[in-house]
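**Q** Take this structure, written in structure tokens, and hold onto it; I'll ask about it next.
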Amino acid sequence: MTTSESDRSYPARQAPGAETLAELDARVIDCRACPRLVQWREEAARTKRRAYADWEYWGRPVPGFGPPDARVAIVGLAPAAHGGNRTGRMFTGDRAGDFLYAALYDLGLASQPTATHRGDGLELYGVRITSPVHCAPPANRPTPEERDTCRSWLARELRLLRPTLRTAVVLGSFGWQAVMPALEAGGWAVPRPRPVFGHGARATLRAADDGPPLTLFGCYHVSQQNTFTGRLTPAMLREVLGAAAEAAGLPVSGRHS
Ligand code: SF4
């Protein structure tokens with residue numbers, strides 16, 4: 001399949017309407033707006049990692065995962081070439097996901113501690129996981145242009161979640177910077193100067209109308225670079241996720257264990 005002009009401009013042209021989150025998820029998986037990422041995600045799906053030679057890779061944009069009435073959003077960076085790009089679900093099938101889902105399970109926010117494939121039965125309770133870039137990028141580094149091209153998907157997702165969404169945990173500085181304009185487009189007012197990312201950082205954004213505010217929580221990304229070195233420990237992750245869930249009114253267990 002080739003990338004047509006109309007495909008490339010799709011996210012920017014899509015008018016906000018009465019779409020549901022399920023419809024948005026169904027649309028994003030057909031997006032081909034970023035030629036470099038389309039090429040990379042499909043190349044990874046063709047060549048595969050040896051350990052996954054038997055897999056039929058997803059090789060498409062990875063939609064957000066979690067219920068449409070989530071009270072907490074978790075915003076990462078982008079799918080991994082042999083993780084989400086293989087399985088078709090956020091943080092599923094890689095070490096970063098193992099770390100994240102174990103913490104969510106410990107807190108009572110996930111039905112099981114592991115995420116291996118789309119049919120593994122995993123459910124999230126009150127939490128939706130998404131990312132500013134929905135396609136796996138080379139070296140896990142999307143370009144600023146790719147980040148900006150994908151923004152409308154995130155903005156629309158956040159807007160659809162807005163009736164229930166009360167907090168968002170942002171994993172890493174890339175996601176923190178990328179989510180700000182998406183939040184503005186989604187209906188919240190971002191203060192100037194913009195809040196600065198840090199592990200443990202918090203910022204409350206008022207709604208542009210009379211709606212409830214949204215509190216952002218900064219957290220180091222769950223990449224192996226951080227978890228293998230001890231920069232981010234399970235306890236640190238549980239602490240941030242648990243605080244965000246409690247602030248959003250979700251029941252939480254094991255936050256301090
Ligand atoms: S990164 Fe986003 S905008 Fe770019 S092709 Fe993937 S889904 Fe589309």
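Each chain in the structure tokens gets a letter, A, B, ..., in the order shown, and its residues are numbered from 1; ligands are numbered from 1 in order too.
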Mind checking DSSP for segment 142-186 of chain A and telling me the helix (DSSP H, G or I) residues as JSON, numbers by chain?

**A** {"A": [144, 145, 146, 147, 148, 149, 150, 151, 152, 153, 154, 155, 156, 157, 158, 159, 160, 161, 173, 174, 175, 176, 177, 178, 179, 180, 181, 182, 183, 184, 185, 186]}

**Q** Export C-alpha atoms of the chosen residues as a JSON list (two decimals), in the first residue's frame?

**A**
```json
[["chain", "number", "residue", "atom", "x", "y", "z"],
["A", 144, "PRO", "CA", 8.96, 16.68, 16.17],
["A", 145, "GLU", "CA", 7.01, 16.63, 12.91],
["A", 146, "GLU", "CA", 5.75, 13.10, 13.59],
["A", 147, "ARG", "CA", 4.81, 14.06, 17.13],
["A", 148, "ASP", "CA", 2.87, 17.05, 15.84],
["A", 149, "THR", "CA", 1.21, 15.04, 13.08],
["A", 150, "CYS", "CA", -0.06, 12.48, 15.59],
["A", 151, "ARG", "CA", -1.27, 15.12, 18.04],
["A", 152, "SER", "CA", -4.80, 15.30, 16.73],
["A", 153, "TRP", "CA", -5.35, 11.64, 17.60],
["A", 154, "LEU", "CA", -4.30, 12.24, 21.20],
["A", 155, "ALA", "CA", -6.30, 15.46, 21.42],
["A", 156, "ARG", "CA", -9.42, 13.71, 20.22],
["A", 157, "GLU", "CA", -8.88, 10.82, 22.61],
["A", 158, "LEU", "CA", -8.45, 13.18, 25.56],
["A", 159, "ARG", "CA", -11.50, 15.17, 24.53],
["A", 160, "LEU", "CA", -13.57, 11.99, 24.44],
["A", 161, "LEU", "CA", -12.27, 10.99, 27.88],
["A", 173, "SER", "CA", 9.65, 14.38, 29.26],
["A", 174, "PHE", "CA", 8.79, 13.63, 25.63],
["A", 175, "GLY", "CA", 5.24, 12.70, 26.59],
["A", 176, "TRP", "CA", 5.02, 15.64, 29.00],
["A", 177, "GLN", "CA", 5.85, 18.15, 26.29],
["A", 178, "ALA", "CA", 3.72, 16.40, 23.68],
["A", 179, "VAL", "CA", 0.63, 16.19, 25.86],
["A", 180, "MET", "CA", 0.40, 19.90, 26.66],
["A", 181, "PRO", "CA", -0.88, 21.11, 23.27],
["A", 182, "ALA", "CA", -3.08, 18.01, 23.04],
["A", 183, "LEU", "CA", -4.62, 18.91, 26.39],
["A", 184, "GLU", "CA", -5.21, 22.45, 25.20],
["A", 185, "ALA", "CA", -6.94, 21.10, 22.13],
["A", 186, "GLY", "CA", -8.84, 18.69, 24.36]]
```

**Q** Using only C-alpha atoms and all ligand atoms, which residues have at least one atom no more than 6 Å from ligand 1? Output them as a PyMOL selection string.

**A** chain A and resi 28+31-34+38+61+133-135+146+149-150

**Q** Keeping C-alpha atoms for every residue in the selection just given, could you write it to a file as a PDB file, in the first residue's frame?

**A**
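Written out: part07.pdb:
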```
ATOM      1  CA  VAL A  28      -6.358   5.333  14.133  1.00  0.00           C
ATOM      2  CA  CYS A  31      -3.574   5.970   9.705  1.00  0.00           C
ATOM      3  CA  ARG A  32      -0.623   6.289   7.318  1.00  0.00           C
ATOM      4  CA  ALA A  33       0.122   9.971   7.833  1.00  0.00           C
ATOM      5  CA  CYS A  34       3.849   9.631   8.668  1.00  0.00           C
ATOM      6  CA  VAL A  38       4.725   3.627   8.228  1.00  0.00           C
ATOM      7  CA  PRO A  61      -0.748   2.221  14.624  1.00  0.00           C
ATOM      8  CA  VAL A 133       2.737   8.842  18.827  1.00  0.00           C
ATOM      9  CA  HIS A 134       0.849   5.716  17.832  1.00  0.00           C
ATOM     10  CA  CYS A 135       3.427   4.095  15.554  1.00  0.00           C
ATOM     11  CA  GLU A 146       5.753  13.099  13.588  1.00  0.00           C
ATOM     12  CA  THR A 149       1.206  15.040  13.076  1.00  0.00           C
ATOM     13  CA  CYS A 150      -0.057  12.485  15.586  1.00  0.00           C
TER      14      CYS A 150
END
```

**Q** Which of these, A:Leu214, A:Val169, A:Val75, A:Leu24, has the shortest distance to Ala243 of chain A once you count only C-alpha atoms?

**A**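 Nearest to Ala243 of chain A: A:Val169.
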
**Q** From a backbone DSSP assignment, name each residue in segment 75-244 of chain A labelled strand (DSSP E), as a ChimeraX atom specification.

**A** /A:75,127-130,167-171,188-189,202-207,214-219

**Q** May I have the residues from that selection written out with N, CA and C atoms, as a PDB file, in the first residue's frame?

**A**
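Dumped everything to out-v5.pdb:
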```pdb
ATOM      1  N   VAL A  75       0.107   8.339  29.829  1.00  0.00           N
ATOM      2  CA  VAL A  75       0.585   8.774  28.513  1.00  0.00           C
ATOM      3  C   VAL A  75       2.061   8.423  28.388  1.00  0.00           C
ATOM      4  N   VAL A 127      -8.575   3.128  34.089  1.00  0.00           N
ATOM      5  CA  VAL A 127      -7.308   3.645  33.551  1.00  0.00           C
ATOM      6  C   VAL A 127      -7.269   3.419  32.048  1.00  0.00           C
ATOM      7  N   ARG A 128      -6.792   4.393  31.325  1.00  0.00           N
ATOM      8  CA  ARG A 128      -6.617   4.280  29.875  1.00  0.00           C
ATOM      9  C   ARG A 128      -5.162   4.622  29.554  1.00  0.00           C
ATOM     10  N   ILE A 129      -4.513   3.740  28.798  1.00  0.00           N
ATOM     11  CA  ILE A 129      -3.118   3.953  28.427  1.00  0.00           C
ATOM     12  C   ILE A 129      -3.062   4.380  26.972  1.00  0.00           C
ATOM     13  N   THR A 130      -2.317   5.460  26.717  1.00  0.00           N
ATOM     14  CA  THR A 130      -2.187   5.914  25.344  1.00  0.00           C
ATOM     15  C   THR A 130      -0.801   6.524  25.144  1.00  0.00           C
ATOM     16  N   THR A 167      -7.176  12.755  36.192  1.00  0.00           N
ATOM     17  CA  THR A 167      -5.720  12.845  36.329  1.00  0.00           C
ATOM     18  C   THR A 167      -5.048  12.161  35.142  1.00  0.00           C
ATOM     19  N   ALA A 168      -3.792  12.537  34.914  1.00  0.00           N
ATOM     20  CA  ALA A 168      -3.002  11.884  33.868  1.00  0.00           C
ATOM     21  C   ALA A 168      -1.583  11.712  34.369  1.00  0.00           C
ATOM     22  N   VAL A 169      -1.065  10.512  34.224  1.00  0.00           N
ATOM     23  CA  VAL A 169       0.337  10.230  34.558  1.00  0.00           C
ATOM     24  C   VAL A 169       1.109  10.242  33.243  1.00  0.00           C
ATOM     25  N   VAL A 170       2.101  11.110  33.164  1.00  0.00           N
ATOM     26  CA  VAL A 170       2.857  11.243  31.925  1.00  0.00           C
ATOM     27  C   VAL A 170       4.244  10.651  32.140  1.00  0.00           C
ATOM     28  N   LEU A 171       4.566   9.653  31.317  1.00  0.00           N
ATOM     29  CA  LEU A 171       5.814   8.906  31.472  1.00  0.00           C
ATOM     30  C   LEU A 171       6.911   9.537  30.625  1.00  0.00           C
ATOM     31  N   TRP A 188      -8.560  21.768  28.056  1.00  0.00           N
ATOM     32  CA  TRP A 188      -7.993  22.261  29.306  1.00  0.00           C
ATOM     33  C   TRP A 188      -7.074  23.465  29.031  1.00  0.00           C
ATOM     34  N   ALA A 189      -6.896  24.305  30.028  1.00  0.00           N
ATOM     35  CA  ALA A 189      -6.043  25.481  29.882  1.00  0.00           C
ATOM     36  C   ALA A 189      -4.675  25.168  30.471  1.00  0.00           C
ATOM     37  N   ARG A 202       3.832  17.724  39.671  1.00  0.00           N
ATOM     38  CA  ARG A 202       2.374  17.773  39.555  1.00  0.00           C
ATOM     39  C   ARG A 202       1.967  19.135  39.010  1.00  0.00           C
ATOM     40  N   ALA A 203       0.922  19.128  38.236  1.00  0.00           N
ATOM     41  CA  ALA A 203       0.388  20.391  37.716  1.00  0.00           C
ATOM     42  C   ALA A 203      -1.108  20.222  37.521  1.00  0.00           C
ATOM     43  N   THR A 204      -1.844  21.204  37.969  1.00  0.00           N
ATOM     44  CA  THR A 204      -3.296  21.139  37.794  1.00  0.00           C
ATOM     45  C   THR A 204      -3.720  22.105  36.698  1.00  0.00           C
ATOM     46  N   LEU A 205      -4.458  21.575  35.751  1.00  0.00           N
ATOM     47  CA  LEU A 205      -4.930  22.363  34.615  1.00  0.00           C
ATOM     48  C   LEU A 205      -6.432  22.580  34.789  1.00  0.00           C
ATOM     49  N   ARG A 206      -6.844  23.828  34.726  1.00  0.00           N
ATOM     50  CA  ARG A 206      -8.289  24.051  34.812  1.00  0.00           C
ATOM     51  C   ARG A 206      -8.901  23.793  33.447  1.00  0.00           C
ATOM     52  N   ALA A 207     -10.179  23.466  33.484  1.00  0.00           N
ATOM     53  CA  ALA A 207     -10.872  23.263  32.216  1.00  0.00           C
ATOM     54  C   ALA A 207     -11.133  24.613  31.579  1.00  0.00           C
ATOM     55  N   LEU A 214      -7.933  18.980  35.599  1.00  0.00           N
ATOM     56  CA  LEU A 214      -7.160  17.756  35.372  1.00  0.00           C
ATOM     57  C   LEU A 214      -5.800  17.931  36.037  1.00  0.00           C
ATOM     58  N   THR A 215      -5.389  16.950  36.825  1.00  0.00           N
ATOM     59  CA  THR A 215      -4.073  17.029  37.458  1.00  0.00           C
ATOM     60  C   THR A 215      -3.098  16.102  36.752  1.00  0.00           C
ATOM     61  N   LEU A 216      -1.968  16.678  36.328  1.00  0.00           N
ATOM     62  CA  LEU A 216      -0.913  15.902  35.685  1.00  0.00           C
ATOM     63  C   LEU A 216       0.103  15.448  36.717  1.00  0.00           C
ATOM     64  N   PHE A 217       0.578  14.223  36.549  1.00  0.00           N
ATOM     65  CA  PHE A 217       1.626  13.655  37.407  1.00  0.00           C
ATOM     66  C   PHE A 217       2.795  13.250  36.504  1.00  0.00           C
ATOM     67  N   GLY A 218       3.958  13.768  36.769  1.00  0.00           N
ATOM     68  CA  GLY A 218       5.139  13.365  36.012  1.00  0.00           C
ATOM     69  C   GLY A 218       5.758  12.113  36.611  1.00  0.00           C
ATOM     70  N   CYS A 219       6.243  11.233  35.736  1.00  0.00           N
ATOM     71  CA  CYS A 219       6.872   9.987  36.193  1.00  0.00           C
ATOM     72  C   CYS A 219       7.945   9.606  35.187  1.00  0.00           C
TER      73      CYS A 219
END
```

**Q** Report, in Å to a single decimal, how far apart atom CA of Ala70 of chain A and atom CA of Ala247 of chain A are.

**A**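 Taking atom CA of Ala247 of chain A and atom CA of Ala70 of chain A, their separation equals 13.1 Å.
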
**Q** Just how far from atom CA of Thr227 of chain A is atom CA of Phe99 of chain A, in Å to one decimal?

**A**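 The value is 8.0 Å.
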
**Q** Give me the residues near Ala248 of chain A as a count of residues only, where near means some atom within 7 Å (using only C-alpha atoms) and where sequence neighbours in that chain fewer than 3 positions away do not count.

**A** 6

**Q** Using only C-alpha atoms for the distances, tell me which of A:Glu43, A:Asp98, A:Asp69, A:Asp54 is nearest to Thr20 of chain A.

**A**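 Nearest candidate to Thr20 of chain A out of A:Glu43, A:Asp98, A:Asp69, A:Asp54: A:Asp69.
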
**Q** Identify which of the residues A:Leu237, A:Ala139, A:Leu250, A:Leu165 lies closest to Leu37 of chain A, counting only C-alpha atoms when measuring atom-to-atom distances.

**A**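 Ranking A:Leu237, A:Ala139, A:Leu250, A:Leu165 by distance to Leu37 of chain A, first place goes to A:Ala139.
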
**Q** Can you pull out every residue within 10 Å of segment 121-126 of chain A, counting only C-alpha atoms, but drop anything in the same chain fewer than 4 positions away, and send it as a PDB file with C-alpha atoms, in the first residue's frame?

**A**
```pdb
ATOM      1  CA  PHE A  65      -6.108   0.737  25.695  1.00  0.00           C
ATOM      2  CA  GLY A  66      -8.596   0.988  28.529  1.00  0.00           C
ATOM      3  CA  PRO A  67     -12.224   1.869  29.183  1.00  0.00           C
ATOM      4  CA  PRO A  68     -13.939   4.914  27.658  1.00  0.00           C
ATOM      5  CA  ASP A  69     -14.911   6.202  31.109  1.00  0.00           C
ATOM      6  CA  ALA A  70     -11.361   6.129  32.479  1.00  0.00           C
ATOM      7  CA  ARG A  71     -10.575   8.563  35.285  1.00  0.00           C
ATOM      8  CA  VAL A  72      -6.800   8.234  34.875  1.00  0.00           C
ATOM      9  CA  ALA A  73      -4.818   8.456  31.644  1.00  0.00           C
ATOM     10  CA  TYR A 101       1.222  -3.680  34.292  1.00  0.00           C
ATOM     11  CA  LEU A 104      -1.163  -1.443  37.951  1.00  0.00           C
ATOM     12  CA  TYR A 105      -2.065  -4.934  39.141  1.00  0.00           C
ATOM     13  CA  GLY A 108      -5.823  -3.033  41.890  1.00  0.00           C
ATOM     14  CA  LEU A 109      -6.057  -1.138  38.610  1.00  0.00           C
ATOM     15  CA  ALA A 110      -5.489  -4.117  36.286  1.00  0.00           C
ATOM     16  CA  SER A 111      -6.980  -7.594  36.240  1.00  0.00           C
ATOM     17  CA  GLN A 112      -3.627  -9.362  35.893  1.00  0.00           C
ATOM     18  CA  PRO A 113       0.063  -8.474  36.259  1.00  0.00           C
ATOM     19  CA  THR A 114       1.143  -9.497  32.769  1.00  0.00           C
ATOM     20  CA  ALA A 115       0.363  -8.377  29.225  1.00  0.00           C
ATOM     21  CA  THR A 116       1.441 -10.752  26.512  1.00  0.00           C
ATOM     22  CA  HIS A 117      -1.039 -10.476  23.648  1.00  0.00           C
ATOM     23  CA  THR A 164     -14.605  11.344  33.439  1.00  0.00           C
ATOM     24  CA  LEU A 165     -10.874  12.067  33.204  1.00  0.00           C
ATOM     25  CA  ALA A 245      -5.587   7.056  40.968  1.00  0.00           C
ATOM     26  CA  ALA A 248      -9.043  10.665  40.524  1.00  0.00           C
ATOM     27  CA  GLY A 249     -11.293   8.898  43.035  1.00  0.00           C
ATOM     28  CA  LEU A 250     -10.371   5.331  42.128  1.00  0.00           C
ATOM     29  CA  PRO A 251     -10.050   2.679  44.840  1.00  0.00           C
TER      30      PRO A 251
END
```

**Q** Between atom CA of Pro137 of chain A and atom CA of Pro195 of chain A, what is the distance in Å, rounded to a tenth?

**A** 26.3 Å
